[in-house]
>>> print(open('my_file.tsv').read())   # TSV, C-alpha atoms
chain	number	residue	atom	x	y	z
A	1	MET	CA	-2.33	-26.48	-12.05
A	2	ASP	CA	-5.01	-26.23	-9.33
A	3	THR	CA	-8.14	-28.39	-9.29
A	4	THR	CA	-10.41	-25.82	-10.97
A	5	HIS	CA	-7.96	-25.29	-13.80
A	6	ARG	CA	-7.38	-29.01	-14.11
A	7	CYS	CA	-11.15	-29.60	-14.38
A	8	SER	CA	-11.63	-26.97	-17.09
A	9	TRP	CA	-8.56	-28.29	-18.93
A	10	VAL	CA	-10.04	-31.81	-18.86
A	11	ARG	CA	-13.54	-30.68	-19.90
A	12	GLU	CA	-12.17	-28.82	-22.89
A	13	ARG	CA	-10.63	-32.08	-24.07
A	14	ILE	CA	-13.39	-34.57	-23.32
A	15	ASP	CA	-14.55	-34.73	-26.94
A	16	SER	CA	-11.03	-35.08	-28.26
A	17	TRP	CA	-10.43	-37.85	-25.75
A	18	LEU	CA	-13.62	-39.65	-26.79
A	19	ASP	CA	-12.58	-39.27	-30.44
A	20	GLY	CA	-9.60	-41.51	-29.72
A	21	ALA	CA	-6.91	-41.37	-32.39
A	22	GLU	CA	-8.90	-38.83	-34.42
A	23	GLY	CA	-9.01	-36.47	-31.44
A	24	GLY	CA	-5.39	-35.50	-31.77
A	25	LEU	CA	-4.46	-35.78	-28.08
A	26	THR	CA	-1.03	-37.03	-27.10
A	27	ALA	CA	-0.75	-40.17	-25.03
A	28	ALA	CA	0.36	-38.08	-22.04
A	29	GLU	CA	-2.71	-35.83	-22.34
A	30	ALA	CA	-5.01	-38.84	-22.55
A	31	ARG	CA	-3.40	-40.35	-19.41
A	32	LEU	CA	-3.80	-37.04	-17.59
A	33	ILE	CA	-7.52	-36.97	-18.37
A	34	GLU	CA	-8.00	-40.57	-17.25
A	35	SER	CA	-6.15	-40.10	-13.99
A	36	HIS	CA	-8.02	-36.86	-13.26
A	37	ALA	CA	-11.41	-38.42	-13.99
A	38	GLY	CA	-10.53	-41.23	-11.59
A	39	GLY	CA	-10.38	-38.79	-8.69
A	40	CYS	CA	-12.90	-36.14	-9.77
A	41	PRO	CA	-16.54	-37.26	-9.72
A	42	ALA	CA	-17.75	-34.08	-11.48
A	43	CYS	CA	-15.44	-34.56	-14.45
A	44	ALA	CA	-16.18	-38.29	-14.52
A	45	ALA	CA	-19.90	-37.45	-14.71
A	46	GLU	CA	-19.26	-34.95	-17.50
A	47	ILE	CA	-17.30	-37.55	-19.45
A	48	GLU	CA	-20.10	-40.03	-18.92
A	49	LEU	CA	-22.71	-37.53	-20.10
A	50	ALA	CA	-20.64	-36.81	-23.22
A	51	ARG	CA	-20.33	-40.51	-23.92
A	52	ARG	CA	-24.04	-41.13	-23.46
A	53	CYS	CA	-24.95	-38.16	-25.65
A	54	ARG	CA	-22.76	-39.54	-28.42
A	55	GLU	CA	-24.16	-43.02	-28.10
A	56	THR	CA	-27.70	-41.72	-28.13
A	57	LEU	CA	-27.16	-39.56	-31.21
A	58	ALA	CA	-25.29	-42.33	-33.01
A	59	GLY	CA	-28.12	-44.72	-32.17
A	60	LEU	CA	-30.76	-42.59	-33.89
A	61	PRO	CA	-32.02	-44.37	-36.97
A	62	SER	CA	-31.53	-43.51	-40.63
A	63	PHE	CA	-34.50	-43.32	-42.95
A	64	SER	CA	-34.91	-44.14	-46.60
A	65	PRO	CA	-37.09	-41.82	-48.62
A	66	PRO	CA	-40.57	-43.23	-49.21
A	67	ALA	CA	-41.10	-44.94	-52.57
A	68	HIS	CA	-43.44	-42.22	-53.79
A	69	VAL	CA	-40.66	-39.64	-53.29
A	70	VAL	CA	-38.18	-41.64	-55.38
A	71	ASN	CA	-40.83	-42.28	-58.03
A	72	ALA	CA	-41.72	-38.60	-58.20
A	73	ALA	CA	-38.03	-37.70	-58.45
A	74	ALA	CA	-37.59	-40.23	-61.26
A	75	ARG	CA	-40.54	-38.74	-63.14
A	76	ALA	CA	-39.22	-35.21	-62.66
A	77	ALA	CA	-35.74	-36.24	-63.77
A	78	ARG	CA	-37.22	-37.87	-66.89
A	79	GLY	CA	-39.23	-34.76	-67.71
A	80	PRO	CA	-38.19	-31.60	-69.55
A	81	ARG	CA	-35.85	-30.45	-66.79
A	82	GLY	CA	-34.19	-33.82	-66.74
A	83	ASN	CA	-33.31	-33.49	-70.37
A	84	VAL	CA	-31.53	-30.19	-69.88
A	85	VAL	CA	-27.84	-30.48	-70.48
A	86	PRO	CA	-26.17	-30.09	-67.09
A	87	MET	CA	-24.51	-26.79	-66.59
A	88	THR	CA	-20.79	-27.25	-66.28
A	89	VAL	CA	-18.29	-24.64	-65.30
A	90	ARG	CA	-16.32	-23.83	-68.41
A	91	ARG	CA	-12.97	-22.28	-68.14
A	92	PRO	CA	-12.51	-19.87	-71.07
A	93	SER	CA	-9.87	-21.21	-73.38
A	94	ARG	CA	-7.17	-18.96	-74.81
A	95	VAL	CA	-8.57	-19.33	-78.35
A	96	ARG	CA	-12.05	-18.34	-77.18
A	97	THR	CA	-10.66	-15.32	-75.34
A	98	LEU	CA	-8.75	-14.19	-78.43
A	99	LEU	CA	-11.85	-14.59	-80.56
A	100	VAL	CA	-13.88	-12.49	-78.15
A	101	VAL	CA	-11.23	-9.77	-78.14
A	102	ALA	CA	-11.01	-9.82	-81.95
A	103	ALA	CA	-14.78	-9.61	-82.31
A	104	SER	CA	-14.94	-6.69	-79.88
A	105	ALA	CA	-12.19	-4.85	-81.76
A	106	LEU	CA	-14.00	-5.44	-85.06
A	107	VAL	CA	-17.22	-3.99	-83.66
A	108	VAL	CA	-15.41	-0.89	-82.37
A	109	VAL	CA	-13.51	-0.28	-85.62
A	110	THR	CA	-16.57	-0.79	-87.82
A	111	GLY	CA	-18.72	1.38	-85.60
A	112	THR	CA	-16.17	4.21	-85.61
A	113	ALA	CA	-15.79	4.06	-89.42
A	114	LEU	CA	-19.55	4.19	-89.95
A	115	TRP	CA	-19.91	7.08	-87.52
A	116	ARG	CA	-17.17	9.08	-89.28
A	117	ALA	CA	-18.65	8.37	-92.68
A	118	GLN	CA	-22.01	9.58	-91.51
A	119	ARG	CA	-20.55	12.79	-90.13
A	120	ALA	CA	-18.58	13.47	-93.31
A	121	THR	CA	-21.70	13.25	-95.47
A	122	PRO	CA	-23.38	16.68	-95.73
A	123	VAL	CA	-26.92	16.57	-94.57
A	124	GLU	CA	-29.18	18.25	-96.98
A	125	GLU	CA	-32.18	19.57	-95.20
A	126	THR	CA	-34.85	21.77	-96.61
A	127	LEU	CA	-36.33	24.00	-93.99
A	128	THR	CA	-39.73	25.45	-94.50
A	129	ALA	CA	-40.93	28.78	-93.18
A	130	ALA	CA	-43.08	26.94	-90.65
A	131	ASP	CA	-39.97	25.07	-89.35
A	132	ALA	CA	-38.10	28.33	-88.97
A	133	GLU	CA	-41.01	29.94	-87.19
A	134	ALA	CA	-41.35	27.00	-84.79
A	135	ALA	CA	-37.61	27.06	-84.09
A	136	ALA	CA	-37.70	30.80	-83.42
A	137	LEU	CA	-40.61	30.37	-81.04
A	138	GLU	CA	-38.80	27.61	-79.15
A	139	ALA	CA	-35.67	29.73	-78.89
A	140	ALA	CA	-37.69	32.69	-77.59
A	141	LEU	CA	-39.38	30.53	-74.98
A	142	ALA	CA	-36.05	29.05	-73.90
A	143	LEU	CA	-34.52	32.51	-73.57
A	144	ALA	CA	-37.48	33.76	-71.60
A	145	TYR	CA	-37.20	30.75	-69.33
A	146	VAL	CA	-33.49	31.26	-68.78
A	147	GLY	CA	-33.97	34.99	-68.31
A	148	LYS	CA	-36.69	34.51	-65.71
A	149	TYR	CA	-34.53	32.27	-63.60
A	150	THR	CA	-31.42	34.37	-64.12
A	151	GLN	CA	-33.28	37.41	-62.81
A	152	ARG	CA	-34.56	35.44	-59.87
A	153	ALA	CA	-31.10	34.10	-59.09
A	154	GLU	CA	-29.65	37.61	-59.32
A	155	SER	CA	-32.27	38.91	-56.96
A	156	ILE	CA	-31.55	36.16	-54.46
A	157	LEU	CA	-27.83	36.79	-54.75
A	158	VAL	CA	-28.18	40.51	-54.16
A	159	ASP	CA	-30.85	40.46	-51.46
A	160	ASP	CA	-30.09	37.36	-49.45
A	161	VAL	CA	-26.47	36.53	-49.97
A	162	ILE	CA	-24.81	39.90	-50.26
A	163	GLY	CA	-27.34	41.99	-48.41
A	164	LEU	CA	-28.40	39.79	-45.54
A	165	ARG	CA	-25.29	37.71	-45.02
A	166	ILE	CA	-22.48	40.18	-45.79
A	167	VAL	CA	-23.50	43.84	-45.70
A	168	HIS	CA	-26.03	43.68	-42.91
A	169	PRO	CA	-23.79	41.82	-40.40
A	170	VAL	CA	-20.91	44.18	-41.15
A	171	GLN	CA	-23.19	47.17	-40.67
A	172	ARG	CA	-24.43	45.74	-37.42
A	173	ALA	CA	-20.90	45.17	-36.21
A	174	PHE	CA	-19.90	48.70	-37.04
A	175	SER	CA	-23.07	50.20	-35.57
A	176	THR	CA	-22.39	48.55	-32.23
A	177	SER	CA	-19.04	50.28	-32.23
A	178	ARG	CA	-20.89	53.49	-33.12
A	179	THR	CA	-19.11	53.82	-36.45
A	180	SER	CA	-21.06	54.26	-39.67
A	181	VAL	CA	-20.02	51.96	-42.50
A	182	ASP	CA	-22.37	53.20	-45.17
A	183	ASP	CA	-19.79	55.53	-46.69
A	184	ALA	CA	-16.94	53.04	-46.43
A	185	VAL	CA	-18.44	49.63	-47.23
A	186	VAL	CA	-21.62	50.05	-49.23
A	187	PRO	CA	-20.13	52.05	-52.09
A	188	GLY	CA	-17.39	49.43	-52.42
A	189	VAL	CA	-19.95	46.65	-52.61
A	190	ARG	CA	-22.02	48.59	-55.06
A	191	ARG	CA	-18.99	49.21	-57.27
A	192	ALA	CA	-18.16	45.52	-57.21
A	193	LEU	CA	-21.72	44.64	-58.17
A	194	ASN	CA	-21.76	47.15	-60.96
A	195	ALA	CA	-18.47	45.86	-62.28
A	196	SER	CA	-19.80	42.32	-62.31
A	197	GLY	CA	-23.00	43.45	-64.00
A	198	ILE	CA	-25.13	42.23	-61.14
A	199	GLY	CA	-27.43	44.37	-59.07
A	200	ALA	CA	-26.88	47.59	-60.95
A	201	THR	CA	-30.41	48.61	-60.07
A	202	SER	CA	-30.45	47.25	-56.57
A	203	ASN	CA	-29.07	48.71	-53.40
A	204	PRO	CA	-28.25	46.02	-50.84
A	205	SER	CA	-27.96	48.36	-47.95
A	206	THR	CA	-31.42	49.77	-48.47
A	207	ARG	CA	-33.02	46.37	-49.08
A	208	SER	CA	-31.65	44.86	-45.93
U	1	MET	CA	-32.22	-44.22	-67.35
U	2	ASP	CA	-34.55	-45.63	-64.73
U	3	ARG	CA	-32.07	-48.20	-63.46
U	4	ASP	CA	-29.25	-45.66	-63.23
U	5	PHE	CA	-31.52	-43.21	-61.45
U	6	ARG	CA	-32.59	-45.89	-58.95
U	7	ARG	CA	-28.95	-46.70	-58.31
U	8	LEU	CA	-28.21	-43.06	-57.44
U	9	ALA	CA	-31.35	-42.87	-55.31
U	10	ASP	CA	-30.33	-46.02	-53.43
U	11	GLU	CA	-26.86	-44.69	-52.85
U	12	TYR	CA	-27.70	-41.17	-51.69
U	13	GLY	CA	-31.44	-41.04	-50.98
U	14	ALA	CA	-31.31	-42.22	-47.37
U	15	ARG	CA	-28.43	-39.94	-46.54
U	16	VAL	CA	-30.23	-36.89	-47.86
U	17	TYR	CA	-33.63	-37.80	-46.46
U	18	THR	CA	-32.26	-38.58	-42.99
U	19	PHE	CA	-30.35	-35.32	-42.91
U	20	ALA	CA	-33.39	-33.31	-44.01
U	21	LEU	CA	-35.64	-35.09	-41.52
U	22	TYR	CA	-33.40	-34.38	-38.53
U	23	MET	CA	-32.84	-30.83	-39.67
U	24	LEU	CA	-36.43	-29.91	-40.50
U	25	ARG	CA	-38.32	-32.39	-38.28
U	26	ARG	CA	-41.15	-32.47	-40.76
U	27	GLN	CA	-41.68	-35.41	-43.04
U	28	GLU	CA	-43.30	-33.49	-45.86
U	29	ASP	CA	-40.48	-30.94	-46.06
U	30	ALA	CA	-37.84	-33.67	-45.84
U	31	GLU	CA	-39.52	-35.49	-48.73
U	32	ASP	CA	-39.48	-32.34	-50.83
U	33	VAL	CA	-35.80	-31.81	-50.13
U	34	ALA	CA	-34.93	-35.44	-50.91
U	35	GLN	CA	-36.86	-35.36	-54.16
U	36	GLU	CA	-35.25	-32.12	-55.30
U	37	VAL	CA	-31.75	-33.31	-54.44
U	38	LEU	CA	-32.24	-36.54	-56.38
U	39	VAL	CA	-33.49	-34.66	-59.44
U	40	ARG	CA	-30.57	-32.23	-59.30
U	41	LEU	CA	-28.13	-35.06	-58.80
U	42	TRP	CA	-29.47	-36.76	-61.91
U	43	GLN	CA	-29.33	-33.55	-63.92
U	44	ASN	CA	-25.74	-32.89	-62.88
U	45	ARG	CA	-24.48	-36.46	-62.82
U	46	ASP	CA	-21.97	-35.78	-65.61
U	47	SER	CA	-20.49	-32.65	-64.08
U	48	VAL	CA	-20.13	-33.93	-60.51
U	49	SER	CA	-17.00	-35.96	-59.95
U	50	HIS	CA	-17.61	-39.41	-58.55
U	51	ASP	CA	-15.36	-38.82	-55.53
U	52	GLY	CA	-17.11	-35.59	-54.64
U	53	THR	CA	-20.68	-36.78	-55.13
U	54	ALA	CA	-21.40	-37.43	-51.45
U	55	ALA	CA	-20.23	-33.97	-50.41
U	56	TRP	CA	-22.04	-32.38	-53.36
U	57	VAL	CA	-25.27	-34.11	-52.40
U	58	MET	CA	-25.02	-32.97	-48.79
U	59	ARG	CA	-24.17	-29.42	-49.83
U	60	VAL	CA	-27.25	-29.22	-52.07
U	61	ALA	CA	-29.38	-30.84	-49.37
U	62	ARG	CA	-28.23	-28.38	-46.75
U	63	ASN	CA	-28.85	-25.38	-49.00
U	64	LEU	CA	-32.36	-26.64	-49.69
U	65	VAL	CA	-32.96	-27.27	-46.00
U	66	ILE	CA	-31.92	-23.71	-45.21
U	67	ASP	CA	-34.27	-22.43	-47.93
U	68	VAL	CA	-37.16	-24.44	-46.52
U	69	ALA	CA	-36.44	-23.30	-42.96
U	70	ARG	CA	-36.25	-19.69	-44.15
U	71	ARG	CA	-39.56	-19.98	-45.99
U	72	ARG	CA	-41.07	-21.58	-42.94
U	73	ARG	CA	-39.85	-18.75	-40.73
U	74	SER	CA	-41.22	-16.23	-43.17
U	75	ARG	CA	-44.58	-17.92	-42.84
U	76	ALA	CA	-44.15	-17.47	-39.06
U	77	ALA	CA	-44.32	-21.20	-38.64
U	78	VAL	CA	-42.77	-22.64	-35.52
U	79	MET	CA	-39.97	-25.01	-36.35
U	80	VAL	CA	-39.67	-26.78	-33.03
U	81	ASP	CA	-43.21	-27.30	-31.81
U	82	GLY	CA	-46.33	-28.53	-33.47
U	83	PRO	CA	-47.86	-31.77	-34.64
U	84	GLU	CA	-45.24	-32.31	-37.32
U	85	VAL	CA	-42.54	-32.59	-34.70
U	86	GLU	CA	-44.53	-35.16	-32.83
U	87	MET	CA	-44.89	-37.08	-36.06
U	88	ALA	CA	-41.16	-36.88	-36.77
U	89	ALA	CA	-40.31	-37.78	-33.19
U	90	SER	CA	-42.46	-40.86	-33.42
U	91	PHE	CA	-40.08	-42.18	-36.07
U	92	VAL	CA	-37.27	-42.32	-33.62
U	93	THR	CA	-39.04	-43.15	-30.40
U	94	ALA	CA	-39.42	-46.84	-29.92
U	95	PRO	CA	-41.42	-47.94	-26.86
U	96	GLU	CA	-39.22	-48.20	-23.78
U	97	ARG	CA	-40.37	-50.22	-20.79
U	98	SER	CA	-37.47	-50.64	-18.34
U	99	ASP	CA	-36.09	-47.82	-16.17
U	100	GLU	CA	-32.95	-47.82	-18.22
U	101	GLY	CA	-35.05	-47.58	-21.35
U	102	VAL	CA	-37.00	-44.66	-19.92
U	103	HIS	CA	-33.76	-42.84	-19.04
U	104	ARG	CA	-32.46	-43.48	-22.52
U	105	ARG	CA	-35.66	-42.19	-24.09
U	106	ASP	CA	-35.56	-39.13	-21.83
U	107	LEU	CA	-32.02	-38.36	-22.89
U	108	ARG	CA	-32.94	-38.85	-26.54
U	109	GLU	CA	-35.87	-36.49	-26.26
U	110	HIS	CA	-33.79	-33.90	-24.45
U	111	LEU	CA	-31.04	-34.23	-26.99
U	112	GLU	CA	-33.46	-33.79	-29.87
U	113	ALA	CA	-34.92	-30.71	-28.19
U	114	ALA	CA	-31.41	-29.37	-27.58
U	115	LEU	CA	-30.52	-30.06	-31.21
U	116	ASP	CA	-33.40	-27.87	-32.29
U	117	THR	CA	-31.91	-24.95	-30.41
U	118	LEU	CA	-28.60	-25.14	-32.26
U	119	THR	CA	-28.05	-22.63	-35.03
U	120	GLU	CA	-26.25	-23.16	-38.29
U	121	PRO	CA	-23.71	-24.53	-39.03
U	122	TYR	CA	-23.58	-26.23	-35.61
U	123	ARG	CA	-26.76	-28.17	-36.20
U	124	SER	CA	-25.75	-29.46	-39.63
U	125	ILE	CA	-22.39	-30.53	-38.28
U	126	VAL	CA	-23.88	-32.45	-35.35
U	127	VAL	CA	-26.43	-34.17	-37.59
U	128	MET	CA	-23.82	-35.09	-40.18
U	129	ARG	CA	-21.18	-36.23	-37.71
U	130	ASP	CA	-22.90	-37.54	-34.59
U	131	ILE	CA	-26.10	-38.89	-36.11
U	132	GLN	CA	-25.07	-39.80	-39.64
U	133	GLY	CA	-21.44	-40.61	-38.91
U	134	LEU	CA	-19.94	-38.72	-41.86
U	135	ALA	CA	-16.19	-38.21	-41.95
U	136	TYR	CA	-14.82	-34.81	-40.97
U	137	GLU	CA	-13.40	-34.35	-44.47
U	138	GLU	CA	-16.77	-35.02	-46.05
U	139	ILE	CA	-18.48	-32.50	-43.75
U	140	ALA	CA	-15.81	-29.92	-44.48
U	141	LEU	CA	-16.38	-30.37	-48.23
U	142	ALA	CA	-20.17	-30.30	-47.90
U	143	LEU	CA	-20.14	-27.13	-45.80
U	144	GLU	CA	-17.19	-25.60	-47.66
U	145	LEU	CA	-15.40	-25.01	-44.38
U	146	PRO	CA	-11.82	-25.76	-43.37
U	147	LEU	CA	-11.38	-29.06	-41.54
U	148	GLY	CA	-10.17	-27.35	-38.35
U	149	THR	CA	-13.20	-25.08	-38.34
U	150	VAL	CA	-15.54	-28.06	-38.61
U	151	LYS	CA	-13.84	-29.71	-35.62
U	152	ALA	CA	-13.97	-26.51	-33.60
U	153	TYR	CA	-17.67	-26.00	-34.41
U	154	LEU	CA	-18.45	-29.60	-33.53
U	155	HIS	CA	-16.66	-29.24	-30.21
U	156	ARG	CA	-18.67	-26.12	-29.41
U	157	ALA	CA	-21.93	-27.71	-30.56
U	158	ARG	CA	-21.42	-30.77	-28.36
U	159	GLN	CA	-20.69	-28.57	-25.37
U	160	ARG	CA	-23.89	-26.64	-26.00
U	161	LEU	CA	-25.89	-29.84	-26.34
U	162	ARG	CA	-24.54	-31.16	-23.04
U	163	SER	CA	-25.20	-27.87	-21.35
U	164	ALA	CA	-28.80	-27.85	-22.62
U	165	VAL	CA	-29.30	-31.47	-21.53
U	166	ARG	CA	-27.91	-30.72	-18.07
U	167	GLU	CA	-30.24	-27.76	-17.73
U	168	THR	CA	-33.36	-29.64	-18.74
U	169	MET	CA	-32.60	-33.01	-17.16
U	170	GLY	CA	-31.00	-31.80	-13.95
U	171	ASP	CA	-29.35	-34.60	-12.04
U	172	HIS	CA	-30.60	-37.21	-14.49
U	173	GLY	CA	-28.29	-35.68	-17.07
U	174	HIS	CA	-25.38	-36.62	-14.89
U	175	ASP	CA	-26.68	-40.02	-13.97
U	176	THR	CA	-23.69	-42.30	-14.26
U	177	SER	CA	-25.58	-45.45	-13.44
U	178	LEU	CA	-26.30	-46.25	-17.08
>>> encode(input="my_file.tsv", output="structure tokens")
Amino acid sequence: MDTTHRCSWVRERIDSWLDGAEGGLTAAEARLIESHAGGCPACAAEIELARRCRETLAGLPSFSPPAHVVNAAARAARGPRGNVVPMTVRRPSRVRTLLVVAASALVVVTGTALWRAQRATPVEETLTAADAEAAALEAALALAYVGKYTQRAESILVDDVIGLRIVHPVQRAFSTSRTSVDDAVVPGVRRALNASGIGATSNPSTRS
Amino acid sequence: MDRDFRRLADEYGARVYTFALYMLRRQEDAEDVAQEVLVRLWQNRDSVSHDGTAAWVMRVARNLVIDVARRRRSRAAVMVDGPEVEMAASFVTAPERSDEGVHRRDLREHLEAALDTLTEPYRSIVVMRDIQGLAYEEIALALELPLGTVKAYLHRARQRLRSAVRETMGDHGHDTSL
């Protein structure tokens, strides 16, 4: 081991060496550090700095909390919070677990039985003419709503999806090769649309 | 109740307060932490095992210290500088008259400044081990870290402290005359 490596090896172990028996160094390692420090002023200075740092930190005083802090803590501990039963970690016992499972099963069974009984009982409702009229109006509005958006969706499907994204690019491709596709492709698309019930009144090729 | 509470406060109060003071460097915050730990210790006295009380106390103290430091940061307060630090430093700085005493005081001040630059858990470990002299096992329990990890962190923290002292003190850091 050259000097640089020996120095870094020693410096990595200075704290363990200062820890003595707690440091976990072997006797041979401790001797190696001592003999190296004897001939290496830089490592000796580092060991000395480590020792002085430890002594300085260990020499810093301890402090007791001021009396008013202890008195305030005593008052707080005596107060409502102090009377609270300390929370302890409870491991669920087997009996408690079984009881919980049994209670859960009882709730499920009872709930299911009640639900079935309720369904089995015929509900007698008397509908008035006004109720029927209101229901019919709601149904009509719902249908109109659905119809409006169905028509809009159909229009988008025919114009944008089929027309712009399928028929038009194919037409363009064929037109660049100077071949007309109207007779070959468009009727096929139209037939498919008619068969699906969509776009019977619309002609994609003309819209695009 | 009062006598039992005082007994617990006598046994653990100084340990908690000292730790909080060196961690937070502000007397008022350290007092708050000490008071809260003592109240919690009293409230949980039946559920904390006697052997593990010391570690439990330090764990609660450290969590509270971290909370206080976090709140302080959120208020954009400076943890290292300010009048409170001067006040806390005055606790530990006895008047030094001789050259040796001045060197010792310099090193202490540089070490305290270097300690402030350490992050968690390095700082807690140095305070608990090098200032308060707690056993490795106790620190490991308090911080809920493996023993080997505590030793490795302490080793790294001491190296950082020395490096910071060397940087700020220059040649005086390596003065072997003392």
>>> atom_distance(input="my_file.tsv", atom1="CA of Ala58 (chain A)", atom2="CA of Cys43 (chain A)")
22.4 Å
>>> interface_residues(input="my_file.tsv", of="chain U", to="chain A", cutoff="8 Å", atoms="only C-alpha atoms", output="number ranges by chain")
U: 2, 5-6, 9, 13-15, 17-18, 31-32, 34-36, 38-40, 42-47, 92, 104, 107-108, 111, 130-133, 155, 158, 162, 173-176
>>> residues_around(input="my_file.tsv", residues="Ile33 (chain A)", least_positions_apart="4", cutoff="7 Å", atoms="all atoms listed in the file", output="list in words")
Val10, Glu29 and Ala37 of chain A
>>> atom_distance(input="my_file.tsv", atom1="CA of Gly24 (chain A)", atom2="CA of Gly148 (chain U)")
11.5 Å
>>> atom_distance(input="my_file.tsv", atom1="CA of Ser8 (chain A)", atom2="CA of Pro121 (chain U)")
25.2 Å
>>> build_atoms(input="my_file.tsv", residues="region 17-31 of chain U", atoms="N, CA, C and O atoms", output="tab-separated table (two decimals), keeping the file's coordinate frame")
chain	number	residue	atom	x	y	z
U	17	TYR	N	-32.33	-37.83	-47.14
U	17	TYR	CA	-33.63	-37.80	-46.46
U	17	TYR	C	-33.45	-37.76	-44.94
U	17	TYR	O	-34.13	-37.01	-44.23
U	18	THR	N	-32.52	-38.57	-44.43
U	18	THR	CA	-32.26	-38.58	-42.99
U	18	THR	C	-31.79	-37.21	-42.52
U	18	THR	O	-32.26	-36.69	-41.50
U	19	PHE	N	-30.86	-36.64	-43.27
U	19	PHE	CA	-30.35	-35.32	-42.91
U	19	PHE	C	-31.49	-34.30	-42.88
U	19	PHE	O	-31.65	-33.55	-41.90
U	20	ALA	N	-32.30	-34.29	-43.92
U	20	ALA	CA	-33.39	-33.31	-44.01
U	20	ALA	C	-34.42	-33.52	-42.90
U	20	ALA	O	-34.95	-32.56	-42.33
U	21	LEU	N	-34.65	-34.79	-42.56
U	21	LEU	CA	-35.64	-35.09	-41.52
U	21	LEU	C	-35.18	-34.60	-40.15
U	21	LEU	O	-35.95	-34.00	-39.40
U	22	TYR	N	-33.90	-34.84	-39.83
U	22	TYR	CA	-33.40	-34.38	-38.53
U	22	TYR	C	-33.23	-32.87	-38.49
U	22	TYR	O	-33.27	-32.27	-37.42
U	23	MET	N	-33.00	-32.28	-39.65
U	23	MET	CA	-32.84	-30.83	-39.67
U	23	MET	C	-34.19	-30.11	-39.61
U	23	MET	O	-34.35	-29.11	-38.93
U	24	LEU	N	-35.16	-30.62	-40.37
U	24	LEU	CA	-36.43	-29.91	-40.50
U	24	LEU	C	-37.51	-30.45	-39.59
U	24	LEU	O	-38.48	-29.75	-39.29
U	25	ARG	N	-37.37	-31.72	-39.18
U	25	ARG	CA	-38.32	-32.39	-38.28
U	25	ARG	C	-39.73	-32.38	-38.85
U	25	ARG	O	-40.71	-32.30	-38.10
U	26	ARG	N	-39.83	-32.41	-40.14
U	26	ARG	CA	-41.15	-32.47	-40.76
U	26	ARG	C	-41.04	-33.33	-42.00
U	26	ARG	O	-40.29	-33.01	-42.93
U	27	GLN	N	-41.81	-34.40	-42.00
U	27	GLN	CA	-41.68	-35.41	-43.04
U	27	GLN	C	-41.92	-34.83	-44.43
U	27	GLN	O	-41.16	-35.10	-45.36
U	28	GLU	N	-42.94	-34.03	-44.54
U	28	GLU	CA	-43.30	-33.49	-45.86
U	28	GLU	C	-42.17	-32.64	-46.44
U	28	GLU	O	-41.82	-32.77	-47.62
U	29	ASP	N	-41.59	-31.79	-45.59
U	29	ASP	CA	-40.48	-30.94	-46.06
U	29	ASP	C	-39.26	-31.78	-46.40
U	29	ASP	O	-38.56	-31.51	-47.38
U	30	ALA	N	-39.00	-32.80	-45.58
U	30	ALA	CA	-37.84	-33.67	-45.84
U	30	ALA	C	-38.02	-34.41	-47.16
U	30	ALA	O	-37.07	-34.60	-47.93
U	31	GLU	N	-39.24	-34.80	-47.45
U	31	GLU	CA	-39.52	-35.49	-48.73
U	31	GLU	C	-39.27	-34.55	-49.90
U	31	GLU	O	-38.69	-34.94	-50.92
